[in-house]
Structures are given as structure tokens and as C-alpha cells.
file data.pdb (PDB, C-alpha atoms, pLDDT in the B column)
MODEL        1
ATOM      1  CA  MET A   9     -32.221 135.054 -40.252  1.00 77.00           C
ATOM      2  CA  HIS A  10     -31.634 134.095 -43.886  1.00 79.00           C
ATOM      3  CA  LEU A  11     -28.003 135.194 -43.571  1.00 84.00           C
ATOM      4  CA  GLN A  12     -27.539 133.039 -40.462  1.00 85.00           C
ATOM      5  CA  LEU A  13     -28.840 129.992 -42.299  1.00 82.00           C
ATOM      6  CA  LYS A  14     -26.490 130.660 -45.187  1.00 84.00           C
ATOM      7  CA  VAL A  15     -23.498 130.976 -42.824  1.00 82.00           C
ATOM      8  CA  ARG A  16     -24.539 127.790 -41.034  1.00 85.00           C
ATOM      9  CA  ASP A  17     -24.834 125.909 -44.337  1.00 84.00           C
ATOM     10  CA  GLU A  18     -21.384 127.129 -45.400  1.00 83.00           C
ATOM     11  CA  ARG A  19     -19.873 125.947 -42.112  1.00 83.00           C
ATOM     12  CA  LEU A  20     -21.579 122.573 -42.444  1.00 85.00           C
ATOM     13  CA  GLY A  21     -20.167 122.257 -45.952  1.00 81.00           C
ATOM     14  CA  GLU A  22     -16.687 123.101 -44.722  1.00 80.00           C
ATOM     15  CA  ALA A  23     -17.008 120.593 -41.875  1.00 80.00           C
ATOM     16  CA  SER A  24     -18.145 117.931 -44.329  1.00 86.00           C
ATOM     17  CA  GLU A  25     -15.179 118.614 -46.624  1.00 82.00           C
ATOM     18  CA  LEU A  26     -12.796 118.463 -43.674  1.00 81.00           C
ATOM     19  CA  GLN A  27     -14.291 115.163 -42.519  1.00 85.00           C
ATOM     20  CA  LYS A  28     -13.875 113.701 -45.999  1.00 86.00           C
ATOM     21  CA  PHE A  29     -10.288 114.954 -46.121  1.00 83.00           C
ATOM     22  CA  LEU A  30      -9.499 113.333 -42.763  1.00 83.00           C
ATOM     23  CA  GLN A  31     -11.010 110.027 -43.897  1.00 88.00           C
ATOM     24  CA  ASN A  32      -8.977 110.132 -47.110  1.00 86.00           C
ATOM     25  CA  LEU A  33      -5.856 111.002 -45.135  1.00 84.00           C
ATOM     26  CA  ASP A  34      -6.423 108.062 -42.788  1.00 87.00           C
ATOM     27  CA  HIS A  35      -6.939 105.694 -45.735  1.00 89.00           C
ATOM     28  CA  PHE A  36      -3.789 107.021 -47.404  1.00 86.00           C
ATOM     29  CA  GLN A  37      -1.702 106.603 -44.255  1.00 85.00           C
ATOM     30  CA  GLN A  38      -2.899 103.008 -43.863  1.00 90.00           C
ATOM     31  CA  TRP A  39      -1.993 102.263 -47.473  1.00 88.00           C
ATOM     32  CA  LEU A  40       1.369 103.958 -47.022  1.00 85.00           C
ATOM     33  CA  THR A  41       2.211 101.850 -43.979  1.00 86.00           C
ATOM     34  CA  ARG A  42       1.266  98.611 -45.780  1.00 88.00           C
ATOM     35  CA  THR A  43       3.256  99.604 -48.849  1.00 85.00           C
ATOM     36  CA  GLU A  44       6.338 100.596 -46.861  1.00 82.00           C
ATOM     37  CA  THR A  45       6.242  97.216 -45.141  1.00 84.00           C
ATOM     38  CA  ALA A  46       5.906  95.374 -48.447  1.00 80.00           C
ATOM     39  CA  ILE A  47       8.795  97.249 -50.013  1.00 78.00           C
ATOM     40  CA  ALA A  48      11.067  96.960 -47.002  1.00 77.00           C
ATOM     41  CA  SER A  49      10.858  93.180 -46.934  1.00 74.00           C
ATOM     42  CA  GLU A  50      14.286  91.723 -47.394  1.00 71.00           C
ATOM     43  CA  ASP A  51      13.283  88.635 -49.307  1.00 77.00           C
ATOM     44  CA  ILE A  52      16.247  87.174 -51.118  1.00 82.00           C
ATOM     45  CA  PRO A  53      15.270  84.905 -53.978  1.00 83.00           C
ATOM     46  CA  ASN A  54      16.698  81.407 -53.995  1.00 88.00           C
ATOM     47  CA  ASP A  55      16.356  80.917 -57.711  1.00 87.00           C
ATOM     48  CA  LEU A  56      15.405  82.626 -60.949  1.00 86.00           C
ATOM     49  CA  VAL A  57      11.674  81.887 -60.579  1.00 91.00           C
ATOM     50  CA  GLU A  58      11.559  83.529 -57.155  1.00 88.00           C
ATOM     51  CA  ALA A  59      13.557  86.516 -58.454  1.00 84.00           C
ATOM     52  CA  GLU A  60      11.137  86.964 -61.338  1.00 87.00           C
ATOM     53  CA  GLN A  61       8.174  86.762 -58.954  1.00 88.00           C
ATOM     54  CA  LEU A  62       9.711  89.404 -56.680  1.00 84.00           C
ATOM     55  CA  LEU A  63      10.338  91.655 -59.700  1.00 84.00           C
ATOM     56  CA  HIS A  64       6.724  91.201 -60.750  1.00 89.00           C
ATOM     57  CA  ASP A  65       5.514  91.982 -57.216  1.00 87.00           C
ATOM     58  CA  HIS A  66       7.693  95.093 -57.138  1.00 82.00           C
ATOM     59  CA  ALA A  67       6.339  96.234 -60.501  1.00 86.00           C
ATOM     60  CA  LEU A  68       2.803  95.959 -59.114  1.00 89.00           C
ATOM     61  CA  ILE A  69       3.791  98.000 -56.065  1.00 87.00           C
ATOM     62  CA  LYS A  70       5.324 100.670 -58.335  1.00 85.00           C
ATOM     63  CA  GLN A  71       2.083 100.864 -60.309  1.00 89.00           C
ATOM     64  CA  GLU A  72       0.185 101.286 -57.061  1.00 89.00           C
ATOM     65  CA  ILE A  73       2.555 104.048 -55.921  1.00 86.00           C
ATOM     66  CA  ASP A  74       2.101 105.827 -59.242  1.00 87.00           C
ATOM     67  CA  THR A  75      -1.668 105.466 -58.942  1.00 90.00           C
ATOM     68  CA  TYR A  76      -1.672 107.109 -55.509  1.00 86.00           C
ATOM     69  CA  ALA A  77       0.575 110.033 -56.551  1.00 85.00           C
ATOM     70  CA  PRO A  78      -2.287 112.297 -57.745  1.00 88.00           C
ATOM     71  CA  ASP A  79      -4.310 111.503 -54.604  1.00 85.00           C
ATOM     72  CA  TYR A  80      -1.325 112.398 -52.461  1.00 83.00           C
ATOM     73  CA  ALA A  81      -0.790 115.684 -54.300  1.00 83.00           C
ATOM     74  CA  GLN A  82      -4.475 116.569 -53.978  1.00 85.00           C
ATOM     75  CA  MET A  83      -4.571 115.741 -50.257  1.00 81.00           C
ATOM     76  CA  LYS A  84      -1.400 117.705 -49.646  1.00 80.00           C
ATOM     77  CA  GLU A  85      -2.773 120.749 -51.474  1.00 83.00           C
ATOM     78  CA  TYR A  86      -6.128 120.579 -49.701  1.00 82.00           C
ATOM     79  CA  GLY A  87      -4.453 120.026 -46.335  1.00 78.00           C
ATOM     80  CA  GLN A  88      -2.305 123.123 -46.827  1.00 78.00           C
ATOM     81  CA  LYS A  89      -5.412 125.171 -47.621  1.00 78.00           C
ATOM     82  CA  VAL A  90      -7.213 123.841 -44.550  1.00 74.00           C
ATOM     83  CA  VAL A  91      -4.452 124.770 -42.116  1.00 72.00           C
ATOM     84  CA  GLU A  92      -3.418 128.040 -43.746  1.00 74.00           C
ATOM     85  CA  GLY A  93      -3.857 130.841 -41.248  1.00 71.00           C
ATOM     86  CA  GLN A  94      -5.629 128.621 -38.734  1.00 70.00           C
ATOM     87  CA  GLU A  95      -4.801 128.320 -35.054  1.00 71.00           C
ATOM     88  CA  GLY A  96      -5.663 125.596 -32.604  1.00 68.00           C
ATOM     89  CA  VAL A  97      -4.547 122.145 -31.627  1.00 66.00           C
ATOM     90  CA  GLN A  98      -6.429 120.336 -34.396  1.00 66.00           C
ATOM     91  CA  TYR A  99      -4.766 122.492 -37.054  1.00 65.00           C
ATOM     92  CA  MET A 100      -1.339 122.039 -35.480  1.00 65.00           C
ATOM     93  CA  PHE A 101      -1.943 118.281 -35.704  1.00 66.00           C
ATOM     94  CA  LEU A 102      -2.889 118.556 -39.383  1.00 65.00           C
ATOM     95  CA  ARG A 103       0.217 120.630 -40.100  1.00 63.00           C
ATOM     96  CA  GLU A 104       2.357 118.010 -38.365  1.00 65.00           C
ATOM     97  CA  VAL A 105       0.709 115.116 -40.200  1.00 60.00           C
ATOM     98  CA  GLY A 106       1.187 116.926 -43.500  1.00 60.00           C
ATOM     99  CA  ALA A 107       4.840 117.601 -42.776  1.00 53.00           C
ATOM    100  CA  VAL A 108       5.424 113.996 -41.753  1.00 46.00           C
ATOM    101  CA  ALA A 109       3.717 112.626 -44.850  1.00 51.00           C
ATOM    102  CA  ASN A 110       5.642 115.039 -47.027  1.00 52.00           C
ATOM    103  CA  CYS A 111       9.100 114.541 -45.578  1.00 44.00           C
ATOM    104  CA  ARG A 112       9.271 111.075 -44.141  1.00 44.00           C
ATOM    105  CA  HIS A 113       7.169 108.765 -46.243  1.00 48.00           C
ATOM    106  CA  CYS A 114       6.617 109.392 -49.912  1.00 53.00           C
ATOM    107  CA  MET A 115      10.033 110.175 -51.286  1.00 51.00           C
ATOM    108  CA  PRO A 116      11.768 107.424 -49.272  1.00 57.00           C
ATOM    109  CA  LEU A 117       9.025 105.058 -50.432  1.00 60.00           C
ATOM    110  CA  VAL A 118       9.973 105.629 -54.061  1.00 59.00           C
ATOM    111  CA  SER A 119      13.700 105.490 -53.224  1.00 61.00           C
ATOM    112  CA  THR A 120      13.268 102.217 -51.332  1.00 62.00           C
ATOM    113  CA  TYR A 121      11.303 100.785 -54.234  1.00 60.00           C
ATOM    114  CA  GLU A 122      14.031 101.784 -56.688  1.00 65.00           C
ATOM    115  CA  LEU A 123      16.784 100.339 -54.498  1.00 61.00           C
ATOM    116  CA  GLU A 124      14.931  97.018 -54.087  1.00 61.00           C
ATOM    117  CA  ALA A 125      14.143  96.848 -57.801  1.00 64.00           C
ATOM    118  CA  HIS A 126      17.791  97.506 -58.669  1.00 59.00           C
ATOM    119  CA  MET A 127      18.916  94.744 -56.312  1.00 59.00           C
ATOM    120  CA  LEU A 128      16.421  92.293 -57.788  1.00 59.00           C
ATOM    121  CA  HIS A 129      17.435  93.129 -61.360  1.00 59.00           C
ATOM    122  CA  ARG A 130      21.058  92.353 -60.511  1.00 62.00           C
ATOM    123  CA  MET A 131      20.183  88.824 -59.350  1.00 55.00           C
TER     124      MET A 131
ENDMDL
END
call {"tool": "encode", "arguments": {"input": "data.pdb", "output": "C-alpha cells"}}
result
Amino acid sequence: MHLQLKVRDERLGEASELQKFLQNLDHFQQWLTRTETAIASEDIPNDLVEAEQLLHDHALIKQEIDTYAPDYAQMKEYGQKVVEGQEGVQYMFLREVGAVANCRHCMPLVSTYELEAHMLHRM
């Protein structure tokens, strides 16, 4: 009986960690969507003041991206551990979400930022 309780407690702990991971992943994806939208805006400054403001705004976004980088790396690492060797629809979904976040979002986000910043610096 004591062993059963220990196993149950371990499973509850794992479920709690997974729930926290999924909440963090959801928060990160929401942030990523907002940030992509902010970076992709095609605002063209009309004068020097507007250009300087856009450069300032872009610098703040870059700081935010840099701040999220360790969180992203940690979520990616944990997500890979969670799905490693697991079968089932929920794990297939997590693998897919991890692949999408890895390939489609983060690197283009930095590239888009750099392209926009370069354009603004030229103005």
C-alpha cells in the first residue's frame, strides 16, 4: 500500500509539472504572436521623430525577445523530455507544437526584427 501511494504521488507530481509546462507554453505562444505582429508592422516614419520612436520601440522589442530566450530554451528542453519515448495523441500534439515553435517562429522573429531595425536605421 505504501508503494502505491508513492507511485500515485509521483504521477501527481508529473501531472502537475506537465500542467505548468502547458500553461507556460500557452503564455509563450501568446507573447510570440503579439511580438510577431508588432515586428511585422510596416510603419514607415514620416519624419525623424517618428523614425527615432520606431527605433526605440524596436529596441524594446529586442530586449523582450532576449529576455524570453532562456524561457524558450527551458520550455523546449522540458518539452523534449516530456515527449521522449511517449506515444499517444497528446504527445504527438506536443511534438508538433514544439517543432512549430522551433522552426517557424523564433528564428524568423529575430530575423524580422533585424530586417526592420536595419530599414529604420537607414531612414
call {"tool": "residues_around", "arguments": {"input": "data.pdb", "residues": "A:Arg42", "least_positions_apart": "3", "cutoff": "12 Å", "atoms": "all atoms listed in the file", "output": "count of residues only"}}
result
15
call {"tool": "closest_residue", "arguments": {"input": "data.pdb", "among": "A:Met9, A:Leu33, A:Lys28, A:Gln71", "to": "A:Lys84", "atoms": "all atoms listed in the file"}}
result
A:Leu33
call {"tool": "resolve_selection", "arguments": {"input": "data.pdb", "expression": "the PyMOL selection byres ((chain A and resi 79-82) around 10)", "output": "JSON, numbers by chain"}}
result
{"A": [29, 32, 33, 36, 73, 74, 75, 76, 77, 78, 83, 84, 85, 86, 87, 88, 109, 110, 114]}
call {"tool": "resolve_selection", "arguments": {"input": "data.pdb", "expression": "the PyMOL selection byres ((chain A and resi 66) around 9)", "output": "PyMOL selection string"}}
result
chain A and resi 46-47+61-65+67-71+121+124-125
call {"tool": "atom_distance", "arguments": {"input": "data.pdb", "atom1": "atom CA of A:Asp34", "atom2": "atom CA of A:Glu18"}}
result
24.4 Å
call {"tool": "atom_distance", "arguments": {"input": "data.pdb", "atom1": "atom CA of A:Gln94", "atom2": "atom CA of A:Asp17"}}
result
20.2 Å
